[in-house]
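Visitor: Data: work.csv, CSV, N, CA, C and O atoms.
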chain,number,residue,atom,x,y,z
A,21,ASN,N,-83.7,24.4,31.4
A,21,ASN,CA,-83.9,23.5,32.6
A,21,ASN,C,-83.8,22.0,32.2
A,21,ASN,O,-83.9,21.2,33.0
A,22,HIS,N,-83.8,21.8,30.9
A,22,HIS,CA,-83.8,20.4,30.4
A,22,HIS,C,-82.3,19.9,30.3
A,22,HIS,O,-81.4,20.6,30.2
A,23,LYS,N,-82.2,18.5,30.3
A,23,LYS,CA,-80.9,17.9,30.1
A,23,LYS,C,-81.2,16.8,29.1
A,23,LYS,O,-82.3,16.4,28.8
A,24,VAL,N,-80.1,16.3,28.5
A,24,VAL,CA,-80.1,15.3,27.5
A,24,VAL,C,-79.2,14.2,27.8
A,24,VAL,O,-78.1,14.4,28.3
A,25,ILE,N,-79.6,13.0,27.5
A,25,ILE,CA,-78.7,11.8,27.5
A,25,ILE,C,-78.3,11.6,26.1
A,25,ILE,O,-79.1,11.1,25.3
A,26,PRO,N,-77.1,12.0,25.7
A,26,PRO,CA,-76.7,12.0,24.3
A,26,PRO,C,-76.4,10.6,23.8
A,26,PRO,O,-75.9,9.7,24.5
A,27,THR,N,-76.9,10.3,22.5
A,27,THR,CA,-76.6,9.0,21.9
A,27,THR,C,-75.9,9.1,20.6
A,27,THR,O,-75.1,8.2,20.3
A,28,ASP,N,-76.1,10.2,19.8
A,28,ASP,CA,-75.5,10.3,18.5
A,28,ASP,C,-75.3,11.8,18.2
A,28,ASP,O,-75.9,12.6,18.9
A,29,TYR,N,-74.6,12.1,17.2
A,29,TYR,CA,-74.5,13.5,16.6
A,29,TYR,C,-74.1,13.4,15.2
A,29,TYR,O,-73.5,12.5,14.7
A,30,THR,N,-74.6,14.4,14.5
A,30,THR,CA,-74.3,14.5,13.0
A,30,THR,C,-73.6,15.8,12.7
A,30,THR,O,-74.0,16.9,13.3
A,31,ILE,N,-72.6,15.8,11.9
A,31,ILE,CA,-71.8,16.9,11.5
A,31,ILE,C,-71.9,17.1,10.0
A,31,ILE,O,-71.8,16.1,9.2
A,32,LYS,N,-72.2,18.3,9.5
A,32,LYS,CA,-72.2,18.6,8.1
A,32,LYS,C,-71.1,19.6,7.8
A,32,LYS,O,-70.9,20.6,8.6
A,33,THR,N,-70.3,19.4,6.8
A,33,THR,CA,-69.2,20.3,6.4
A,33,THR,C,-69.8,21.5,5.7
A,33,THR,O,-70.9,21.4,5.2
A,34,SER,N,-69.1,22.6,5.7
A,34,SER,CA,-69.6,23.8,5.0
A,34,SER,C,-69.5,23.6,3.5
A,34,SER,O,-68.9,22.7,3.0
A,35,SER,N,-70.2,24.6,2.8
A,35,SER,CA,-70.3,24.5,1.4
A,35,SER,C,-69.1,25.1,0.6
A,35,SER,O,-69.0,24.8,-0.6
A,36,GLN,N,-68.3,25.8,1.3
A,36,GLN,CA,-67.2,26.5,0.6
A,36,GLN,C,-65.9,25.7,0.8
A,36,GLN,O,-65.7,25.1,1.8
A,37,TYR,N,-65.1,25.7,-0.3
A,37,TYR,CA,-63.8,25.1,-0.1
A,37,TYR,C,-63.0,26.0,0.8
A,37,TYR,O,-62.9,27.2,0.7
A,38,THR,N,-62.4,25.3,1.8
A,38,THR,CA,-61.7,26.1,2.8
A,38,THR,C,-60.3,25.6,2.9
A,38,THR,O,-59.6,25.8,4.0
A,39,GLY,N,-59.7,25.0,1.9
A,39,GLY,CA,-58.3,24.6,2.0
A,39,GLY,C,-58.0,23.5,2.9
A,39,GLY,O,-56.9,23.5,3.5
A,40,GLY,N,-58.9,22.7,3.2
A,40,GLY,CA,-58.6,21.5,4.1
A,40,GLY,C,-58.9,21.8,5.6
A,40,GLY,O,-58.5,21.1,6.4
A,41,TRP,N,-59.7,22.9,5.9
A,41,TRP,CA,-60.0,23.2,7.3
A,41,TRP,C,-61.0,22.3,7.8
A,41,TRP,O,-62.0,22.8,8.5
A,42,ARG,N,-61.0,21.0,7.6
A,42,ARG,CA,-61.9,20.1,8.1
A,42,ARG,C,-61.4,19.4,9.3
A,42,ARG,O,-60.2,19.1,9.5
A,43,LEU,N,-62.4,19.0,10.2
A,43,LEU,CA,-62.1,18.3,11.4
A,43,LEU,C,-61.3,17.0,11.1
A,43,LEU,O,-61.7,16.3,10.1
A,44,LYS,N,-60.3,16.7,11.9
A,44,LYS,CA,-59.6,15.4,11.8
A,44,LYS,C,-59.6,14.7,13.1
A,44,LYS,O,-59.8,13.5,13.1
A,45,ASN,N,-59.4,15.4,14.2
A,45,ASN,CA,-59.4,14.8,15.5
A,45,ASN,C,-60.1,15.7,16.5
A,45,ASN,O,-59.9,16.9,16.5
A,46,TRP,N,-61.1,15.1,17.2
A,46,TRP,CA,-61.9,15.9,18.1
A,46,TRP,C,-62.5,15.1,19.2
A,46,TRP,O,-62.5,13.8,19.2
A,47,VAL,N,-63.0,15.7,20.2
A,47,VAL,CA,-63.7,15.1,21.3
A,47,VAL,C,-65.0,15.8,21.5
A,47,VAL,O,-65.2,17.0,21.2
A,48,ILE,N,-66.0,15.1,21.9
A,48,ILE,CA,-67.3,15.6,22.3
A,48,ILE,C,-67.3,15.5,23.9
A,48,ILE,O,-67.0,14.5,24.5
A,49,GLU,N,-67.5,16.7,24.5
A,49,GLU,CA,-67.5,16.8,25.9
A,49,GLU,C,-68.9,17.2,26.4
A,49,GLU,O,-69.6,17.9,25.8
A,50,ALA,N,-69.2,16.8,27.7
A,50,ALA,CA,-70.5,17.1,28.3
A,50,ALA,C,-70.2,17.6,29.7
A,50,ALA,O,-69.3,17.2,30.3
A,51,SER,N,-71.2,18.5,30.1
A,51,SER,CA,-71.0,19.1,31.5
A,51,SER,C,-72.4,19.5,32.0
A,51,SER,O,-73.3,19.7,31.2
A,52,ASN,N,-72.5,19.7,33.3
A,52,ASN,CA,-73.7,20.2,33.9
A,52,ASN,C,-73.5,21.6,34.5
A,52,ASN,O,-74.4,22.2,34.9
A,53,ASP,N,-72.2,22.1,34.5
A,53,ASP,CA,-71.9,23.3,35.1
A,53,ASP,C,-70.9,24.2,34.2
A,53,ASP,O,-70.6,25.3,34.6
A,54,CYS,N,-70.6,23.8,33.0
A,54,CYS,CA,-69.6,24.5,32.1
A,54,CYS,C,-68.3,24.7,32.8
A,54,CYS,O,-67.5,25.6,32.3
A,55,SER,N,-68.0,24.0,33.8
A,55,SER,CA,-66.7,24.1,34.5
A,55,SER,C,-65.9,22.8,34.4
A,55,SER,O,-64.7,22.8,34.0
A,56,GLN,N,-66.6,21.7,34.7
A,56,GLN,CA,-66.0,20.4,34.6
A,56,GLN,C,-66.6,19.6,33.5
A,56,GLN,O,-67.8,19.4,33.4
A,57,TRP,N,-65.7,19.3,32.5
A,57,TRP,CA,-66.1,18.6,31.3
A,57,TRP,C,-65.7,17.2,31.2
A,57,TRP,O,-64.6,16.9,31.6
A,58,GLU,N,-66.6,16.3,30.8
A,58,GLU,CA,-66.3,14.9,30.7
A,58,GLU,C,-66.3,14.5,29.2
A,58,GLU,O,-67.3,14.8,28.5
A,59,THR,N,-65.3,13.8,28.8
A,59,THR,CA,-65.2,13.4,27.4
A,59,THR,C,-66.2,12.2,27.2
A,59,THR,O,-66.0,11.2,27.9
A,60,ILE,N,-67.1,12.3,26.3
A,60,ILE,CA,-68.1,11.2,26.1
A,60,ILE,C,-67.9,10.6,24.7
A,60,ILE,O,-68.5,9.5,24.5
A,61,SER,N,-67.1,11.2,23.8
A,61,SER,CA,-66.8,10.6,22.6
A,61,SER,C,-65.5,11.2,22.0
A,61,SER,O,-65.2,12.3,22.3
A,62,GLU,N,-64.8,10.4,21.1
A,62,GLU,CA,-63.6,10.9,20.5
A,62,GLU,C,-63.4,10.3,19.2
A,62,GLU,O,-63.7,9.1,19.0
A,63,GLU,N,-62.9,11.1,18.2
A,63,GLU,CA,-62.6,10.6,16.9
A,63,GLU,C,-61.1,11.0,16.6
A,63,GLU,O,-60.7,12.1,16.9
A,64,GLN,N,-60.4,10.1,15.9
A,64,GLN,CA,-59.0,10.4,15.6
A,64,GLN,C,-58.8,10.0,14.1
A,64,GLN,O,-59.2,9.0,13.6
A,65,ASN,N,-58.1,10.9,13.4
A,65,ASN,CA,-57.8,10.7,12.0
A,65,ASN,C,-59.0,10.3,11.2
A,65,ASN,O,-59.0,9.5,10.3
A,66,ASP,N,-60.1,11.0,11.4
A,66,ASP,CA,-61.4,10.7,10.8
A,66,ASP,C,-61.4,11.5,9.4
A,66,ASP,O,-61.3,12.7,9.4
A,67,SER,N,-61.7,10.7,8.3
A,67,SER,CA,-61.7,11.3,7.0
A,67,SER,C,-63.1,11.5,6.4
A,67,SER,O,-63.2,12.0,5.3
A,68,PHE,N,-64.1,11.1,7.1
A,68,PHE,CA,-65.5,11.2,6.6
A,68,PHE,C,-65.9,12.6,6.3
A,68,PHE,O,-66.7,12.8,5.4
A,69,LEU,N,-65.3,13.6,6.9
A,69,LEU,CA,-65.7,15.0,6.8
A,69,LEU,C,-64.7,15.8,6.0
A,69,LEU,O,-64.8,17.0,5.9
A,70,ASN,N,-63.8,15.2,5.3
A,70,ASN,CA,-62.7,15.9,4.6
A,70,ASN,C,-63.2,16.3,3.2
A,70,ASN,O,-62.7,15.7,2.2
A,71,GLY,N,-64.1,17.2,3.1
A,71,GLY,CA,-64.6,17.7,1.8
A,71,GLY,C,-65.9,18.5,2.0
A,71,GLY,O,-66.3,18.8,3.1
A,72,ASN,N,-66.4,19.1,0.8
A,72,ASN,CA,-67.6,20.0,0.9
A,72,ASN,C,-68.9,19.2,0.9
A,72,ASN,O,-69.0,18.1,0.3
A,73,TYR,N,-69.9,19.7,1.6
A,73,TYR,CA,-71.2,19.2,1.6
A,73,TYR,C,-71.3,17.7,2.1
A,73,TYR,O,-72.1,16.9,1.7
A,74,LEU,N,-70.4,17.3,3.0
A,74,LEU,CA,-70.4,16.0,3.5
A,74,LEU,C,-71.1,15.9,4.8
A,74,LEU,O,-71.1,16.9,5.6
A,75,VAL,N,-71.8,14.8,5.1
A,75,VAL,CA,-72.6,14.7,6.3
A,75,VAL,C,-72.3,13.3,6.8
A,75,VAL,O,-72.2,12.3,6.1
A,76,HIS,N,-72.0,13.2,8.2
A,76,HIS,CA,-71.8,11.9,8.8
A,76,HIS,C,-72.4,11.9,10.2
A,76,HIS,O,-72.2,12.9,10.9
A,77,THR,N,-73.0,10.8,10.6
A,77,THR,CA,-73.5,10.6,11.9
A,77,THR,C,-72.6,9.7,12.7
A,77,THR,O,-72.2,8.6,12.2
A,78,TYR,N,-72.3,10.1,13.9
A,78,TYR,CA,-71.4,9.4,14.8
A,78,TYR,C,-72.2,8.9,16.1
A,78,TYR,O,-73.0,9.7,16.5
A,79,LYS,N,-71.9,7.8,16.6
A,79,LYS,CA,-72.4,7.3,17.8
A,79,LYS,C,-71.6,7.9,19.0
A,79,LYS,O,-70.4,8.0,18.8
A,80,ILE,N,-72.2,8.3,20.0
A,80,ILE,CA,-71.5,8.6,21.2
A,80,ILE,C,-70.8,7.4,21.8
A,80,ILE,O,-71.5,6.4,22.0
A,81,ARG,N,-69.5,7.4,21.9
A,81,ARG,CA,-68.8,6.2,22.3
A,81,ARG,C,-69.0,5.8,23.7
A,81,ARG,O,-68.9,4.6,24.0
A,82,LYS,N,-69.2,6.7,24.6
A,82,LYS,CA,-69.4,6.4,26.0
A,82,LYS,C,-70.9,6.5,26.3
A,82,LYS,O,-71.3,7.5,26.8
A,83,GLN,N,-71.6,5.5,26.0
A,83,GLN,CA,-73.0,5.4,26.3
A,83,GLN,C,-73.3,5.3,27.8
A,83,GLN,O,-72.7,4.4,28.4
A,84,THR,N,-74.1,6.1,28.3
A,84,THR,CA,-74.4,6.2,29.7
A,84,THR,C,-75.9,6.7,29.9
A,84,THR,O,-76.5,7.2,28.9
A,85,SER,N,-76.4,6.5,31.1
A,85,SER,CA,-77.7,7.0,31.4
A,85,SER,C,-77.6,8.4,32.0
A,85,SER,O,-78.6,9.0,32.4
A,86,LYS,N,-76.4,8.9,32.1
A,86,LYS,CA,-76.2,10.2,32.7
A,86,LYS,C,-76.7,11.3,31.8
A,86,LYS,O,-76.4,11.3,30.6
A,87,ALA,N,-77.4,12.3,32.3
A,87,ALA,CA,-77.9,13.4,31.5
A,87,ALA,C,-77.0,14.6,31.7
A,87,ALA,O,-76.5,14.9,32.8
A,88,TYR,N,-76.9,15.5,30.7
A,88,TYR,CA,-76.1,16.6,30.7
A,88,TYR,C,-76.9,17.9,30.2
A,88,TYR,O,-77.8,17.8,29.4
A,89,LYS,N,-76.4,19.0,30.7
A,89,LYS,CA,-77.0,20.3,30.3
A,89,LYS,C,-76.3,20.9,29.2
A,89,LYS,O,-76.9,21.6,28.3
A,90,TYR,N,-75.0,20.7,29.1
A,90,TYR,CA,-74.2,21.3,28.0
A,90,TYR,C,-73.4,20.3,27.3
A,90,TYR,O,-72.9,19.3,27.9
A,91,ILE,N,-73.2,20.4,26.0
A,91,ILE,CA,-72.4,19.6,25.1
A,91,ILE,C,-71.6,20.5,24.2
A,91,ILE,O,-72.1,21.4,23.7
A,92,GLN,N,-70.3,20.1,24.0
A,92,GLN,CA,-69.4,20.9,23.2
A,92,GLN,C,-68.5,20.0,22.4
A,92,GLN,O,-68.3,18.8,22.7
A,93,ILE,N,-68.1,20.5,21.2
A,93,ILE,CA,-67.1,19.8,20.4
A,93,ILE,C,-65.8,20.6,20.6
A,93,ILE,O,-65.8,21.8,20.6
A,94,ARG,N,-64.7,19.8,20.7
A,94,ARG,CA,-63.3,20.5,20.8
A,94,ARG,C,-62.3,19.8,19.9
A,94,ARG,O,-62.1,18.6,20.0
A,95,GLN,N,-61.8,20.5,19.0
A,95,GLN,CA,-60.7,20.0,18.1
A,95,GLN,C,-59.5,19.8,18.9
A,95,GLN,O,-59.1,20.6,19.7
A,96,THR,N,-58.9,18.6,18.8
A,96,THR,CA,-57.8,18.2,19.7
A,96,THR,C,-56.4,18.4,19.1
A,96,THR,O,-55.4,18.5,19.8
A,97,VAL,N,-56.3,18.3,17.8
A,97,VAL,CA,-55.0,18.5,17.1
A,97,VAL,C,-55.4,19.3,15.8
A,97,VAL,O,-56.5,19.6,15.5
A,98,VAL,N,-54.4,19.5,15.0
A,98,VAL,CA,-54.6,20.3,13.7
A,98,VAL,C,-55.6,19.6,12.8
A,98,VAL,O,-55.8,18.4,12.9
A,99,ASN,N,-56.2,20.4,11.9
A,99,ASN,CA,-57.1,19.9,10.9
A,99,ASN,C,-56.4,19.3,9.8
A,99,ASN,O,-55.2,19.1,9.8
A,100,TRP,N,-57.1,18.9,8.7
A,100,TRP,CA,-56.5,18.3,7.5
A,100,TRP,C,-55.5,19.2,6.8
A,100,TRP,O,-54.7,18.8,6.0
A,101,ALA,N,-55.6,20.5,7.0
A,101,ALA,CA,-54.7,21.5,6.4
A,101,ALA,C,-53.5,21.8,7.3
A,101,ALA,O,-52.8,22.8,7.1
A,102,ASN,N,-53.4,21.1,8.4
A,102,ASN,CA,-52.4,21.3,9.4
A,102,ASN,C,-52.5,22.7,10.1
A,102,ASN,O,-51.5,23.3,10.5
A,103,GLY,N,-53.7,23.1,10.3
A,103,GLY,CA,-54.0,24.4,11.0
A,103,GLY,C,-54.9,24.2,12.1
A,103,GLY,O,-55.3,23.1,12.4
A,104,ASN,N,-55.2,25.3,12.8
A,104,ASN,CA,-56.1,25.2,14.0
A,104,ASN,C,-57.5,25.8,13.7
A,104,ASN,O,-58.2,26.0,14.7
A,105,VAL,N,-57.8,26.0,12.5
A,105,VAL,CA,-59.2,26.5,12.2
A,105,VAL,C,-60.2,25.4,12.3
A,105,VAL,O,-59.9,24.3,11.8
A,106,LEU,N,-61.3,25.7,12.9
A,106,LEU,CA,-62.4,24.7,13.0
A,106,LEU,C,-63.5,25.2,12.1
A,106,LEU,O,-64.1,26.2,12.3
A,107,ASP,N,-63.8,24.4,11.1
A,107,ASP,CA,-64.8,24.8,10.1
A,107,ASP,C,-65.9,23.7,10.0
A,107,ASP,O,-65.6,22.6,9.6
A,108,ILE,N,-67.1,24.0,10.5
A,108,ILE,CA,-68.2,23.1,10.5
A,108,ILE,C,-69.4,23.9,9.9
A,108,ILE,O,-69.7,25.0,10.3
A,109,GLY,N,-70.1,23.2,9.0
A,109,GLY,CA,-71.4,23.8,8.5
A,109,GLY,C,-72.5,23.7,9.6
A,109,GLY,O,-73.2,24.7,9.8
A,110,SER,N,-72.6,22.6,10.2
A,110,SER,CA,-73.6,22.4,11.2
A,110,SER,C,-73.3,21.2,12.1
A,110,SER,O,-72.6,20.3,11.6
A,111,ILE,N,-73.9,21.2,13.3
A,111,ILE,CA,-73.7,20.0,14.1
A,111,ILE,C,-75.1,19.8,14.9
A,111,ILE,O,-75.7,20.8,15.3
A,112,GLU,N,-75.5,18.6,15.0
A,112,GLU,CA,-76.8,18.3,15.7
A,112,GLU,C,-76.5,17.2,16.6
A,112,GLU,O,-75.8,16.2,16.3
A,113,PHE,N,-77.0,17.3,17.8
A,113,PHE,CA,-76.9,16.2,18.8
A,113,PHE,C,-78.2,15.6,19.0
A,113,PHE,O,-79.3,16.2,19.0
A,114,TYR,N,-78.2,14.2,19.2
A,114,TYR,CA,-79.4,13.5,19.4
A,114,TYR,C,-79.3,12.7,20.8
A,114,TYR,O,-78.2,12.3,21.2
A,115,GLY,N,-80.5,12.5,21.3
A,115,GLY,CA,-80.5,11.7,22.6
A,115,GLY,C,-81.9,11.8,23.2
A,115,GLY,O,-82.9,12.2,22.6
A,116,LYS,N,-81.9,11.4,24.5
A,116,LYS,CA,-83.2,11.4,25.2
A,116,LYS,C,-83.2,12.7,26.1
A,116,LYS,O,-82.3,12.9,26.9
A,117,LEU,N,-84.3,13.4,25.9
A,117,LEU,CA,-84.5,14.7,26.7
A,117,LEU,C,-85.1,14.3,28.0
A,117,LEU,O,-86.1,13.6,28.0
A,118,VAL,N,-84.5,14.8,29.1
A,118,VAL,CA,-85.0,14.5,30.4
A,118,VAL,C,-85.2,15.7,31.2
A,118,VAL,O,-84.7,16.8,30.9
Could you write out this file's structure as structure tokens?

Guide:
Amino acid sequence: NHKVIPTDYTIKTSSQYTGGWRLKNWVIEASNDCSQWETISEEQNDSFLNGNYLVHTYKIRKQTSKAYKYIQIRQTVVNWANGNVLDIGSIEFYGKLV
């Protein structure tokens, strides 16, 4: 029943070498009905996560006071290995719980 006003998120890469299956381009999307998604942040050609055991915190680029029930990450083009595999160790979202 809760919603969140997202402000930041942290991604940690996995511990295993995966041949470059690291995120390169992605969007963070938010929704209240899992049907209509709004892009609230986007990264392109990001190299902070191109390796093992890496952690990076990102600011939500579209700061708003709007609260959301659902948040997702979606890879938008191929990864650093030119494939479609999405490999993340963990992801955490931060914000104000309402």

Visitor: Which residue, A:Lys44, A:Ser85, A:Cys54, A:Lys23, has the smallest gap to Trp100 of chain A when you use only C-alpha atoms?

Guide: A:Lys44

Visitor: Pick out the residues sitting within 6 Å of Gln83 of chain A, and hand them over as a tab-separated table (two decimals) with N, CA, C and O atoms, in the coordinates of the input; count all atoms listed in the file, and ignore anything fewer than 3 positions along from it in its own chain.

Guide:
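What landed in around.tsv:
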chain	number	residue	atom	x	y	z
A	26	PRO	N	-77.10	12.00	25.70
A	26	PRO	CA	-76.70	12.00	24.30
A	26	PRO	C	-76.40	10.60	23.80
A	26	PRO	O	-75.90	9.70	24.50
A	60	ILE	N	-67.10	12.30	26.30
A	60	ILE	CA	-68.10	11.20	26.10
A	60	ILE	C	-67.90	10.60	24.70
A	60	ILE	O	-68.50	9.50	24.50
A	80	ILE	N	-72.20	8.30	20.00
A	80	ILE	CA	-71.50	8.60	21.20
A	80	ILE	C	-70.80	7.40	21.80
A	80	ILE	O	-71.50	6.40	22.00

Visitor: Please provide as a list in words all residues within 6 Å of Glu63 of chain A, with the sequence filter that same-chain residues fewer than 6 positions apart are discarded (counting all atoms listed in the file).

Guide: Lys44, Asn45, Trp46 and Val47 of chain A

Visitor: With N, CA, C and O atoms retained, export the selected residues as a PDB file, keeping the file's coordinate frame.

Guide:
ATOM      1  N   LYS A  44     -60.300  16.700  11.900  1.00  0.00           N
ATOM      2  CA  LYS A  44     -59.600  15.400  11.800  1.00  0.00           C
ATOM      3  C   LYS A  44     -59.600  14.700  13.100  1.00  0.00           C
ATOM      4  O   LYS A  44     -59.800  13.500  13.100  1.00  0.00           O
ATOM      5  N   ASN A  45     -59.400  15.400  14.200  1.00  0.00           N
ATOM      6  CA  ASN A  45     -59.400  14.800  15.500  1.00  0.00           C
ATOM      7  C   ASN A  45     -60.100  15.700  16.500  1.00  0.00           C
ATOM      8  O   ASN A  45     -59.900  16.900  16.500  1.00  0.00           O
ATOM      9  N   TRP A  46     -61.100  15.100  17.200  1.00  0.00           N
ATOM     10  CA  TRP A  46     -61.900  15.900  18.100  1.00  0.00           C
ATOM     11  C   TRP A  46     -62.500  15.100  19.200  1.00  0.00           C
ATOM     12  O   TRP A  46     -62.500  13.800  19.200  1.00  0.00           O
ATOM     13  N   VAL A  47     -63.000  15.700  20.200  1.00  0.00           N
ATOM     14  CA  VAL A  47     -63.700  15.100  21.300  1.00  0.00           C
ATOM     15  C   VAL A  47     -65.000  15.800  21.500  1.00  0.00           C
ATOM     16  O   VAL A  47     -65.200  17.000  21.200  1.00  0.00           O
TER      17      VAL A  47
END

Visitor: What is the distance between atom CA of Gly109 of chain A and atom C of Glu58 of chain A, in Å to one decimal?

Guide: 23.3 Å

Visitor: Counting all atoms listed in the file, figure out which residue out of A:Leu69, A:Tyr78, A:Phe113, A:Ile93 gets nearest to Trp41 of chain A.

Guide: A:Leu69

Visitor: Would you please work out which residue, of A:Ile108, A:Leu117, A:Leu74, A:Val97, is nearest to His22 of chain A when using only N, CA, C and O atoms?

Guide: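 Smallest distance to His22 of chain A is found for A:Leu117.
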
Visitor: Could you pull out the strand (DSSP E or B) residues of chain A from DSSP and send them as a VMD selection string?

Guide: chain A and resid 24 to 32 46 to 51 58 to 63 75 to 79 88 90 to 95 110 to 117

Visitor: Which one of A:Lys32, A:Arg81, A:Lys89, A:Arg42 sits closest to Glu112 of chain A if you count all atoms listed in the file?

Guide: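 Closest to Glu112 of chain A, using all atoms listed in the file: A:Lys32.
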
Visitor: Report, in Å to a single decimal, how far apart atom O of Leu43 of chain A and atom N of Gly103 of chain A are.

Guide: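 For atom N of Gly103 of chain A relative to atom O of Leu43 of chain A, the distance reads 10.5 Å.
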
Visitor: When distances are computed from all atoms listed in the file, which of A:Lys86, A:Asn102, A:Gln92, A:Trp57 shows the smallest separation from Lys116 of chain A?

Guide: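 Closest to Lys116 of chain A, using all atoms listed in the file: A:Lys86.
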
Visitor: Counting only N, CA, C and O atoms, which of A:Thr33, A:Asn21, A:Thr27, A:Thr84 gets nearest to Asn70 of chain A?

Guide: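 Of A:Thr33, A:Asn21, A:Thr27, A:Thr84, the one nearest Asn70 of chain A, counting only N, CA, C and O atoms, is A:Thr33.
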
Visitor: What is the atom C of Tyr114 of chain A to atom N of Gly40 of chain A distance in Å?

Guide: 28.7 Å

Visitor: At most 7 Å from (-62.1, 23.6, 15.8), file frame, all atoms listed in the file: which residues, as a PyMOL selection string?

Guide: chain A and resi 43+93-97+104-107

Visitor: Can segment 51-57 of chain A be brought up to all heavy atoms and written out as a compact mmCIF listing (two decimals), in the frame of the given file?

Guide:
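See result25.txt below for the written result:
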# COMPACT_ATOMS: atom_id res chain seq x y z
N SER A 51 -71.20 18.50 30.10
CA SER A 51 -71.00 19.10 31.50
C SER A 51 -72.40 19.50 32.00
O SER A 51 -73.30 19.70 31.20
CB SER A 51 -70.12 20.33 31.39
OG SER A 51 -70.07 21.00 32.63
N ASN A 52 -72.50 19.70 33.30
CA ASN A 52 -73.70 20.20 33.90
C ASN A 52 -73.50 21.60 34.50
O ASN A 52 -74.40 22.20 34.90
CB ASN A 52 -74.26 19.26 34.92
CG ASN A 52 -75.00 18.12 34.27
OD1 ASN A 52 -75.86 18.33 33.43
ND2 ASN A 52 -74.65 16.90 34.63
N ASP A 53 -72.20 22.10 34.50
CA ASP A 53 -71.90 23.30 35.10
C ASP A 53 -70.90 24.20 34.20
O ASP A 53 -70.60 25.30 34.60
CB ASP A 53 -71.24 23.15 36.46
CG ASP A 53 -69.93 22.37 36.42
OD1 ASP A 53 -69.42 22.07 35.32
OD2 ASP A 53 -69.42 22.05 37.51
N CYS A 54 -70.60 23.80 33.00
CA CYS A 54 -69.60 24.50 32.10
C CYS A 54 -68.30 24.70 32.80
O CYS A 54 -67.50 25.60 32.30
CB CYS A 54 -70.23 25.84 31.70
SG CYS A 54 -71.41 25.69 30.37
N SER A 55 -68.00 24.00 33.80
CA SER A 55 -66.70 24.10 34.50
C SER A 55 -65.90 22.80 34.40
O SER A 55 -64.70 22.80 34.00
CB SER A 55 -66.88 24.50 35.95
OG SER A 55 -65.66 24.55 36.61
N GLN A 56 -66.60 21.70 34.70
CA GLN A 56 -66.00 20.40 34.60
C GLN A 56 -66.60 19.60 33.50
O GLN A 56 -67.80 19.40 33.40
CB GLN A 56 -66.21 19.61 35.93
CG GLN A 56 -65.56 20.24 37.13
CD GLN A 56 -65.81 19.44 38.40
OE1 GLN A 56 -66.62 18.53 38.43
NE2 GLN A 56 -65.10 19.79 39.45
N TRP A 57 -65.70 19.30 32.50
CA TRP A 57 -66.10 18.60 31.30
C TRP A 57 -65.70 17.20 31.20
O TRP A 57 -64.60 16.90 31.60
CB TRP A 57 -65.58 19.36 30.05
CG TRP A 57 -66.15 20.73 29.88
CD1 TRP A 57 -65.65 21.90 30.40
CD2 TRP A 57 -67.36 21.08 29.21
NE1 TRP A 57 -66.48 22.94 30.06
CE2 TRP A 57 -67.53 22.47 29.34
CE3 TRP A 57 -68.31 20.35 28.51
CZ2 TRP A 57 -68.61 23.15 28.78
CZ3 TRP A 57 -69.38 21.01 27.95
CH2 TRP A 57 -69.53 22.40 28.09
